[in-house]
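Text of upload-v8.cif, listed as mmCIF, C-alpha atoms (C1' of nucleotides):
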data_my_file
loop_
_atom_site.label_atom_id
_atom_site.label_comp_id
_atom_site.auth_asym_id
_atom_site.auth_seq_id
_atom_site.Cartn_x
_atom_site.Cartn_y
_atom_site.Cartn_z
CA MET A 1 106.79 88.80 223.94
CA ASN A 2 107.34 85.07 224.25
CA GLU A 3 106.57 82.85 221.36
CA LEU A 4 105.24 79.35 221.86
CA ILE A 5 105.93 76.47 219.54
CA LYS A 6 103.74 73.42 219.92
CA ILE A 7 104.75 69.94 218.89
CA THR A 8 102.22 67.14 219.01
CA LYS A 9 103.42 64.34 221.25
CA PRO A 10 104.23 61.08 219.50
CA GLU A 11 102.93 57.72 220.69
CA ILE A 12 104.69 56.23 223.69
CA PHE A 13 106.11 59.45 224.98
CA ASN A 14 106.25 60.71 228.53
CA PHE A 15 107.74 64.11 229.09
CA GLN A 16 108.16 63.68 232.82
CA MET A 17 110.06 60.44 232.26
CA CYS A 18 112.47 62.21 229.93
CA LEU A 19 112.83 65.06 232.39
CA LYS A 20 113.63 62.64 235.16
CA PHE A 21 116.39 61.20 233.04
CA LEU A 22 117.85 64.65 232.43
CA ASP A 23 117.75 65.34 236.14
CA ARG A 24 119.01 62.01 237.39
CA GLY A 25 121.37 63.39 239.94
CA TYR A 26 124.39 64.93 238.25
CA ALA A 27 125.35 68.59 238.31
CA GLU A 28 124.71 69.43 234.68
CA CYS A 29 125.92 72.77 233.37
CA LEU A 30 124.30 72.79 229.92
CA TYR A 31 120.66 72.73 230.90
CA VAL A 32 118.47 73.52 233.86
CA VAL A 33 115.69 71.17 234.91
CA SER A 34 112.80 72.21 237.12
CA ASN A 35 109.92 69.96 238.10
CA SER A 36 108.03 70.68 234.92
CA SER A 37 110.44 72.00 232.32
CA VAL A 38 113.97 72.10 231.03
CA LYS A 39 115.76 75.21 229.82
CA ARG A 40 118.80 75.34 227.65
CA LEU A 41 120.74 77.77 225.53
CA ILE A 42 121.12 76.61 221.94
CA ARG A 43 122.92 77.90 218.87
CA LEU A 44 120.90 78.92 215.88
CA THR A 45 122.19 80.28 212.63
CA SER A 46 121.04 83.67 213.83
CA GLY A 47 122.72 83.41 217.21
CA LEU A 48 122.00 82.07 220.67
CA ALA A 49 118.52 81.34 221.93
CA LEU A 50 117.28 80.19 225.29
CA ILE A 51 114.53 77.64 224.98
CA GLU A 52 112.27 76.25 227.67
CA VAL A 53 110.59 72.94 226.97
CA TYR A 54 107.50 71.74 228.87
CA ASP A 55 104.28 69.96 228.04
CA ASP A 56 100.54 69.88 228.34
CA GLU A 57 98.09 67.06 227.75
CA SER A 58 98.91 66.49 224.12
CA ASN A 59 101.74 68.83 223.18
CA ILE A 60 105.34 69.48 223.82
CA ILE A 61 105.69 73.22 224.12
CA VAL A 62 108.80 75.23 223.45
CA LYS A 63 109.01 78.74 224.79
CA THR A 64 111.78 80.97 223.57
CA SER A 65 113.31 84.05 225.06
CA ASP A 66 111.82 87.31 224.03
CA LYS A 67 113.38 87.80 220.65
CA LYS A 68 111.42 87.70 217.48
CA LEU A 69 111.88 84.43 215.66
CA SER A 70 112.40 84.11 211.95
CA SER A 71 110.99 81.12 210.19
CA LEU A 72 114.47 79.64 210.01
CA ASP A 73 114.89 80.10 213.78
CA ARG A 74 111.62 78.31 214.32
CA LYS A 75 112.62 75.51 212.01
CA GLU A 76 115.96 75.04 213.75
CA ILE A 77 114.42 75.08 217.20
CA ILE A 78 111.90 72.43 216.24
CA ALA A 79 114.62 70.32 214.66
CA TYR A 80 116.68 70.64 217.81
CA VAL A 81 113.87 69.49 220.09
CA PHE A 82 112.97 66.60 217.79
CA ASP A 83 116.58 65.48 217.81
CA TRP A 84 117.13 65.99 221.52
CA PHE A 85 114.03 64.02 222.58
CA ASP A 86 114.13 61.58 219.64
CA LEU A 87 110.54 62.45 218.76
CA ASN A 88 110.69 61.30 215.20
CA ARG A 89 110.68 57.63 216.06
CA ASP A 90 108.02 55.02 216.47
CA ILE A 91 109.19 52.88 219.36
CA GLN A 92 106.24 50.50 219.52
CA ALA A 93 108.22 47.65 218.03
CA PHE A 94 110.88 48.15 220.67
CA TYR A 95 108.32 47.95 223.45
CA GLN A 96 106.93 44.75 222.01
CA LEU A 97 110.39 43.25 222.05
CA LEU A 98 110.89 44.34 225.65
CA LEU A 99 107.60 42.74 226.63
CA ALA A 100 108.43 39.55 224.78
CA HIS A 101 111.44 38.82 226.94
CA GLN A 102 111.39 37.92 230.59
CA GLN A 103 114.40 40.01 231.58
CA THR A 104 113.11 43.24 230.08
CA LYS A 105 109.38 43.02 230.38
CA TYR A 106 109.37 45.32 233.40
CA PHE A 107 110.92 48.16 231.37
CA PRO A 108 107.82 49.35 229.48
CA GLU A 109 106.00 50.02 232.69
CA ARG A 110 108.82 51.43 234.74
CA TYR A 111 110.19 53.71 232.03
CA HIS A 112 107.11 54.22 229.95
CA GLY A 113 107.62 56.88 227.31
CA LEU A 114 111.31 57.43 227.99
CA ARG A 115 113.09 58.45 224.82
CA LEU A 116 116.77 58.01 224.03
CA MET A 117 117.80 61.51 224.99
CA GLY A 118 120.44 62.78 222.63
CA ILE A 119 123.41 65.07 222.52
CA VAL A 120 122.60 67.11 219.46
CA ASP A 121 125.98 68.76 219.04
CA LEU A 122 128.63 66.34 217.75
CA PHE A 123 131.60 68.23 219.14
CA GLU A 124 129.99 68.38 222.56
CA ALA A 125 129.20 64.67 222.42
CA LEU A 126 132.77 63.73 221.56
CA CYS A 127 134.32 65.97 224.19
CA TRP A 128 131.93 64.66 226.79
CA CYS A 129 133.09 61.14 226.04
CA VAL A 130 136.70 62.08 226.41
CA ILE A 131 136.01 63.94 229.64
CA GLY A 132 134.09 61.01 231.06
CA GLN A 133 136.64 58.37 230.11
CA GLN A 134 137.77 56.33 233.07
CA ILE A 135 136.69 58.76 235.77
CA ASN A 136 133.53 58.82 237.83
CA LEU A 137 130.65 60.84 236.46
CA THR A 138 130.48 63.25 239.36
CA PHE A 139 134.03 64.33 238.75
CA ALA A 140 133.45 64.31 234.99
CA HIS A 141 130.62 66.80 235.39
CA LYS A 142 132.80 68.93 237.60
CA ILE A 143 135.56 69.38 235.04
CA LYS A 144 133.08 69.77 232.19
CA THR A 145 131.49 72.61 234.12
CA ARG A 146 134.84 74.32 234.53
CA LEU A 147 135.47 74.06 230.81
CA VAL A 148 132.02 75.31 229.82
CA HIS A 149 132.03 78.20 232.27
CA LYS A 150 135.38 79.37 231.04
CA TYR A 151 135.12 78.87 227.28
CA GLY A 152 131.45 78.44 226.46
CA GLU A 153 129.26 81.26 225.22
CA SER A 154 126.64 82.40 227.64
CA GLU A 155 123.60 84.56 227.98
CA ILE A 156 122.01 86.07 231.04
CA VAL A 157 118.24 85.85 231.23
CA HIS A 158 116.35 87.10 234.27
CA GLY A 159 119.57 87.26 236.20
CA LYS A 160 120.50 83.64 235.48
CA THR A 161 123.39 82.66 233.26
CA TYR A 162 122.96 79.91 230.67
CA TYR A 163 125.80 78.30 228.77
CA CYS A 164 126.57 76.63 225.45
CA PHE A 165 129.33 74.11 225.00
CA PRO A 166 132.49 75.85 223.68
CA LYS A 167 133.12 75.92 219.97
CA PRO A 168 135.93 73.85 218.43
CA GLU A 169 137.69 77.04 217.31
CA VAL A 170 138.06 78.05 220.92
CA LEU A 171 139.30 74.73 222.24
CA ALA A 172 141.61 74.05 219.31
CA ASN A 173 144.06 76.74 220.35
CA LEU A 174 144.01 76.38 224.06
CA ASP A 175 146.91 76.82 226.39
CA ARG A 176 147.28 73.37 227.93
CA LYS A 177 148.13 74.87 231.28
CA GLU A 178 144.64 76.24 231.62
CA LEU A 179 143.18 72.77 231.27
CA VAL A 180 145.69 71.32 233.68
CA ALA A 181 144.46 73.87 236.17
CA MET A 182 140.94 72.50 235.64
CA GLN A 183 142.25 69.03 236.50
CA PHE A 184 142.18 67.60 233.02
CA SER A 185 144.80 64.90 232.60
CA LYS A 186 147.41 65.51 229.92
CA GLN A 187 145.92 62.70 227.93
CA LYS A 188 142.43 64.19 228.00
CA ILE A 189 143.85 67.57 227.05
CA ASN A 190 145.55 66.10 224.01
CA TYR A 191 142.39 64.31 222.96
CA VAL A 192 140.12 67.34 223.38
CA ILE A 193 142.46 69.64 221.49
CA ASN A 194 143.02 67.04 218.83
CA ILE A 195 139.29 66.58 218.30
CA ALA A 196 138.76 70.33 218.24
CA GLN A 197 141.40 70.66 215.54
CA ALA A 198 139.83 67.88 213.52
CA PHE A 199 136.61 69.93 213.50
CA CYS A 200 138.42 73.10 212.54
CA GLN A 201 140.13 71.37 209.66
CA GLY A 202 136.86 70.01 208.42
CA GLN A 203 137.95 66.47 209.09
CA ILE A 204 134.66 65.66 210.84
CA ASP A 205 131.24 67.13 210.43
CA LYS A 206 127.91 65.80 211.61
CA THR A 207 126.12 66.30 208.32
CA GLU A 208 128.91 64.53 206.46
CA LEU A 209 128.94 61.61 208.89
CA LEU A 210 125.20 61.19 208.58
CA ARG A 211 125.64 60.52 204.90
CA LEU A 212 127.87 57.49 205.57
CA ASN A 213 126.90 54.01 206.64
CA LYS A 214 127.75 52.87 210.13
CA THR A 215 130.98 51.08 209.28
CA GLU A 216 132.30 54.15 207.54
CA GLN A 217 131.16 56.39 210.36
CA MET A 218 133.01 54.29 212.90
CA LYS A 219 136.12 54.27 210.75
CA LYS A 220 136.05 58.01 210.33
CA LEU A 221 135.52 58.60 214.03
CA THR A 222 138.08 56.16 215.39
CA ALA A 223 140.69 57.52 212.99
CA ILE A 224 140.91 60.50 215.31
CA LYS A 225 143.15 60.09 218.32
CA GLY A 226 141.13 60.02 221.47
CA ILE A 227 138.10 58.40 219.88
CA GLY A 228 138.07 54.68 220.54
CA PRO A 229 135.37 52.10 219.92
CA TRP A 230 133.45 53.03 223.05
CA THR A 231 133.28 56.71 222.18
CA ALA A 232 132.42 56.01 218.55
CA ASN A 233 129.48 53.86 219.63
CA TYR A 234 128.32 56.28 222.27
CA VAL A 235 128.33 59.19 219.85
CA SER A 236 126.74 57.13 217.15
CA MET A 237 123.93 56.34 219.56
CA LYS A 238 123.44 59.75 221.16
CA CYS A 239 124.20 62.05 218.27
CA LEU A 240 124.13 60.27 214.93
CA ARG A 241 121.11 58.28 216.08
CA ASP A 242 122.14 54.92 214.80
CA MET A 243 119.82 52.38 216.39
CA THR A 244 122.25 49.45 216.44
CA CYS A 245 124.88 50.69 218.89
CA ILE A 246 126.23 48.71 221.80
CA ALA A 247 128.71 50.29 224.20
CA TYR A 248 131.05 47.32 224.43
CA GLY A 249 133.34 47.45 227.40
CA ASP A 250 131.23 50.05 229.15
CA THR A 251 131.26 49.44 232.88
CA GLY A 252 127.67 50.54 233.31
CA LEU A 253 126.45 48.27 230.56
CA SER A 254 128.35 45.36 232.08
CA SER A 255 126.81 45.79 235.49
CA SER A 256 123.36 46.24 234.01
CA LEU A 257 123.71 43.03 232.02
CA TYR A 258 124.90 41.31 235.17
CA LYS A 259 121.88 42.63 237.01
CA ASN A 260 119.21 42.13 234.37
CA PHE A 261 120.52 39.15 232.40
CA GLN A 262 122.66 37.37 235.01
CA THR A 263 125.73 37.44 232.78
CA ASP A 264 129.27 37.52 234.13
CA LYS A 265 130.21 40.76 235.83
CA LYS A 266 132.26 41.58 232.80
CA PRO A 267 130.53 39.81 229.91
CA SER A 268 132.53 39.11 226.78
CA HIS A 269 131.82 40.62 223.42
CA ASP A 270 130.13 37.42 222.30
CA VAL A 271 127.90 37.14 225.35
CA ILE A 272 126.81 40.75 224.90
CA ASP A 273 125.94 40.09 221.28
CA LYS A 274 123.83 37.13 222.30
CA VAL A 275 121.88 39.18 224.80
CA PHE A 276 121.22 41.90 222.26
CA GLU A 277 120.41 39.58 219.39
CA PRO A 278 116.66 39.31 220.01
CA TYR A 279 116.43 43.09 220.03
CA ALA A 280 118.07 43.54 216.65
CA GLY A 281 117.47 46.99 215.25
CA TRP A 282 116.90 48.42 218.73
CA GLU A 283 120.30 47.84 220.32
CA SER A 284 120.80 51.51 221.09
CA TYR A 285 117.47 51.76 222.87
CA LEU A 286 118.07 48.59 224.83
CA ASN A 287 121.51 49.83 225.82
CA PHE A 288 120.00 53.13 226.91
CA TYR A 289 117.26 51.49 228.96
CA LEU A 290 119.82 49.16 230.54
CA TRP A 291 121.82 52.18 231.62
CA ARG A 292 118.67 53.81 232.88
CA SER A 293 117.87 50.81 235.03
CA LEU A 294 121.03 51.41 237.03
CA SER A 295 119.82 54.73 238.43
CA PRO A 296 117.75 54.50 241.56
CA LYS A 297 114.22 55.28 240.34
"C1'" DA B 298 143.85 52.36 252.45
"C1'" DT B 299 142.24 50.38 248.35
"C1'" DC B 300 139.47 49.93 244.40
"C1'" DC B 301 137.19 51.56 240.60
"C1'" DA B 302 135.15 54.96 237.51
"C1'" DG B 303 130.26 55.99 230.70
"C1'" DG B 304 138.37 54.29 228.04
"C1'" DT B 305 142.26 54.99 224.83
"C1'" DT B 306 146.71 54.53 223.24
"C1'" DC B 307 151.05 52.43 223.00
"C1'" DG B 308 154.44 48.85 223.21
"C1'" DG B 309 155.37 44.06 223.56
"C1'" DG B 310 154.54 38.95 223.36
"C1'" DC C 311 145.07 39.42 217.92
"C1'" DC C 312 145.41 39.98 222.90
"C1'" DC C 313 147.63 41.95 227.31
"C1'" DG C 314 149.42 45.15 230.56
"C1'" DA C 315 150.80 49.72 231.59
"C1'" DA C 316 150.21 54.55 231.81
"C1'" DC C 317 147.18 58.28 232.28
"C1'" DA C 318 145.28 61.07 237.01
"C1'" DT C 319 142.09 61.97 240.55
"C1'" DG C 320 137.76 61.94 243.10
"C1'" DG C 321 134.41 59.18 245.55
"C1'" DA C 322 132.91 55.26 248.18
#

Go ahead and express the file in the form of structure tokens.
Amino acid sequence: MNELIKITKPEIFNFQMCLKFLDRGYAECLYVVSNSSVKRLIRLTSGLALIEVYDDESNIIVKTSDKKLSSLDRKEIIAYVFDWFDLNRDIQAFYQLLLAHQQTKYFPERYHGLRLMGIVDLFEALCWCVIGQQINLTFAHKIKTRLVHKYGESEIVHGKTYYCFPKPEVLANLDRKELVAMQFSKQKINYVINIAQAFCQGQIDKTELLRLNKTEQMKKLTAIKGIGPWTANYVSMKCLRDMTCIAYGDTGLSSSLYKNFQTDKKPSHDVIDKVFEPYAGWESYLNFYLWRSLSPK
DNA sequence: ATCCAGGTTCGGG
DNA sequence: CCCGAACATGGA
């Protein structure tokens, strides 16, 4: 018997817009998007659970696979969806800022209700950054899929297999040869294993990081080999949900600034700061929307 | 063929 | 502090 969880939609929220972002053209192995819902396997304290998220007029609806949910399960599922879709945020002020500036005033209409879609799991977020470093995203998805299919937990529902991102414990003790075979570079292998070990040793933990201020978070993250300023900002934006992140040096951000703000093709740190200045407090959202504006429709 | 891709680290000036 | 090189391979 399926159980439905209903979440009232916040203001300025469009489920289809979020779905379109999730399904923007890359072969993603950690969730499955159809034209009206997204399914994904998540970890709860009690074990794995497949959730399907869709909507009606006024609610976001979460359907779970046919196991009986405890109240803790339900609480964790709701927390996950809130985090993933960034539901707990009033973005009206951001939209007003977008409208107030010539270069961004087309965003509220074109992307109305798009939320900053997150990566809830910190380890997954960090590994994804390392995987995506300096290679094209199509290839990045390809090697991520190999990793997830081989080391991630999975569950078969109605004949379809769904996957979770591998746990740090599994990746921390990997034979490097296996990753070479998946076309990871030696450098990426070192970084991934190193990050996995940092998790195993309790050196990083999402809950702990959330207690720190941003400067301390960045320091803690970049202390780990493989995590540079770009990754620290990306993760801070997509996982720790800091609203003031700018992905300096990001090639996508550069080309979006070139396109939307007529900056140089590779704007300097200072120029980027100037562009973002009027949107203070919403840098992460602006950065996200700027990325979004690069995808065709 | 050539250039670049959701960068990071390391060594050297 | 800033700069170039190495990493490593697919896609356009």

The PyMOL selection byres ((chain A) within 9 of (chain C)) resolved against shown file, as a PDB file with C-alpha atoms, in the frame of the given file:
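Full text of result27.pdb as output:
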ATOM      1  CA  ILE A 135     136.690  58.760 235.770  1.00  0.00           C
ATOM      2  CA  ASN A 136     133.530  58.820 237.830  1.00  0.00           C
ATOM      3  CA  THR A 138     130.480  63.250 239.360  1.00  0.00           C
ATOM      4  CA  PHE A 139     134.030  64.330 238.750  1.00  0.00           C
ATOM      5  CA  GLN A 183     142.250  69.030 236.500  1.00  0.00           C
ATOM      6  CA  PHE A 184     142.180  67.600 233.020  1.00  0.00           C
ATOM      7  CA  SER A 185     144.800  64.900 232.600  1.00  0.00           C
ATOM      8  CA  LYS A 186     147.410  65.510 229.920  1.00  0.00           C
ATOM      9  CA  GLN A 187     145.920  62.700 227.930  1.00  0.00           C
ATOM     10  CA  LYS A 188     142.430  64.190 228.000  1.00  0.00           C
TER      11      LYS A 188
END

Test item: which residues lie within 8 Å of (126.8, 53.4, 228.2) counting all atoms listed in the file, as a list in words: Tyr234, Ile246, Ala247, Asp250, Thr251, Gly252, Leu253, Asn287, Phe288 and Trp291 of chain A; DG303 of chain B

Interface, chain B side, toward chain A (8 Å; all atoms listed in the file) as a ChimeraX atom specification: /B:302-305

Polymer residues at most 9 Å from Lys220 in chain A, only C-alpha atoms (C1' of nucleotides), same-chain spacing of 5 or more positions, as a VMD selection string: chain A and resid 203 to 204 209 215

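Going from CA of Glu169 in chain A over to CA of Thr145 in chain A, you cover 18.5 Å.
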
Selection dump of the PyMOL selection byres ((chain A and resi 282) around 10), as a list in words: Ile91, Ala93, Phe94, Tyr95, Leu97, Asp242, Met243, Thr244, Cys245, Ile246, Phe276, Glu277, Pro278, Tyr279, Ala280, Gly281, Glu283, Ser284, Tyr285, Leu286, Asn287 and Phe288 of chain A

Between CA of Glu52 in chain A and CA of Val38 in chain A, distance in Å (one decimal): 5.6 Å

CA of Arg292 in chain A to CA of Ser254 in chain A, straight-line distance in Å: 12.9 Å

Residue neighbourhood range 155-165 of chain A, 8 Å, all atoms listed in the file, exclusion window fewer than 3 positions, as a PyMOL selection string: chain A and resi 29-31+40-43+48+50+124+148-149+151-152

Output check: residues returned by the PyMOL selection byres ((chain A and resi 205) around 12), as a list in words: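 Written out, the selection comes to Asp121, Leu122, Phe123, Leu126, Pro168, Ile195, Ala196, Gln197, Ala198, Phe199, Cys200, Gln201, Gly202, Gln203, Ile204, Lys206, Thr207, Glu208, Leu209, Leu210, Arg211, Leu212, Gln217, Lys220, Leu221, Cys239 and Leu240 of chain A.
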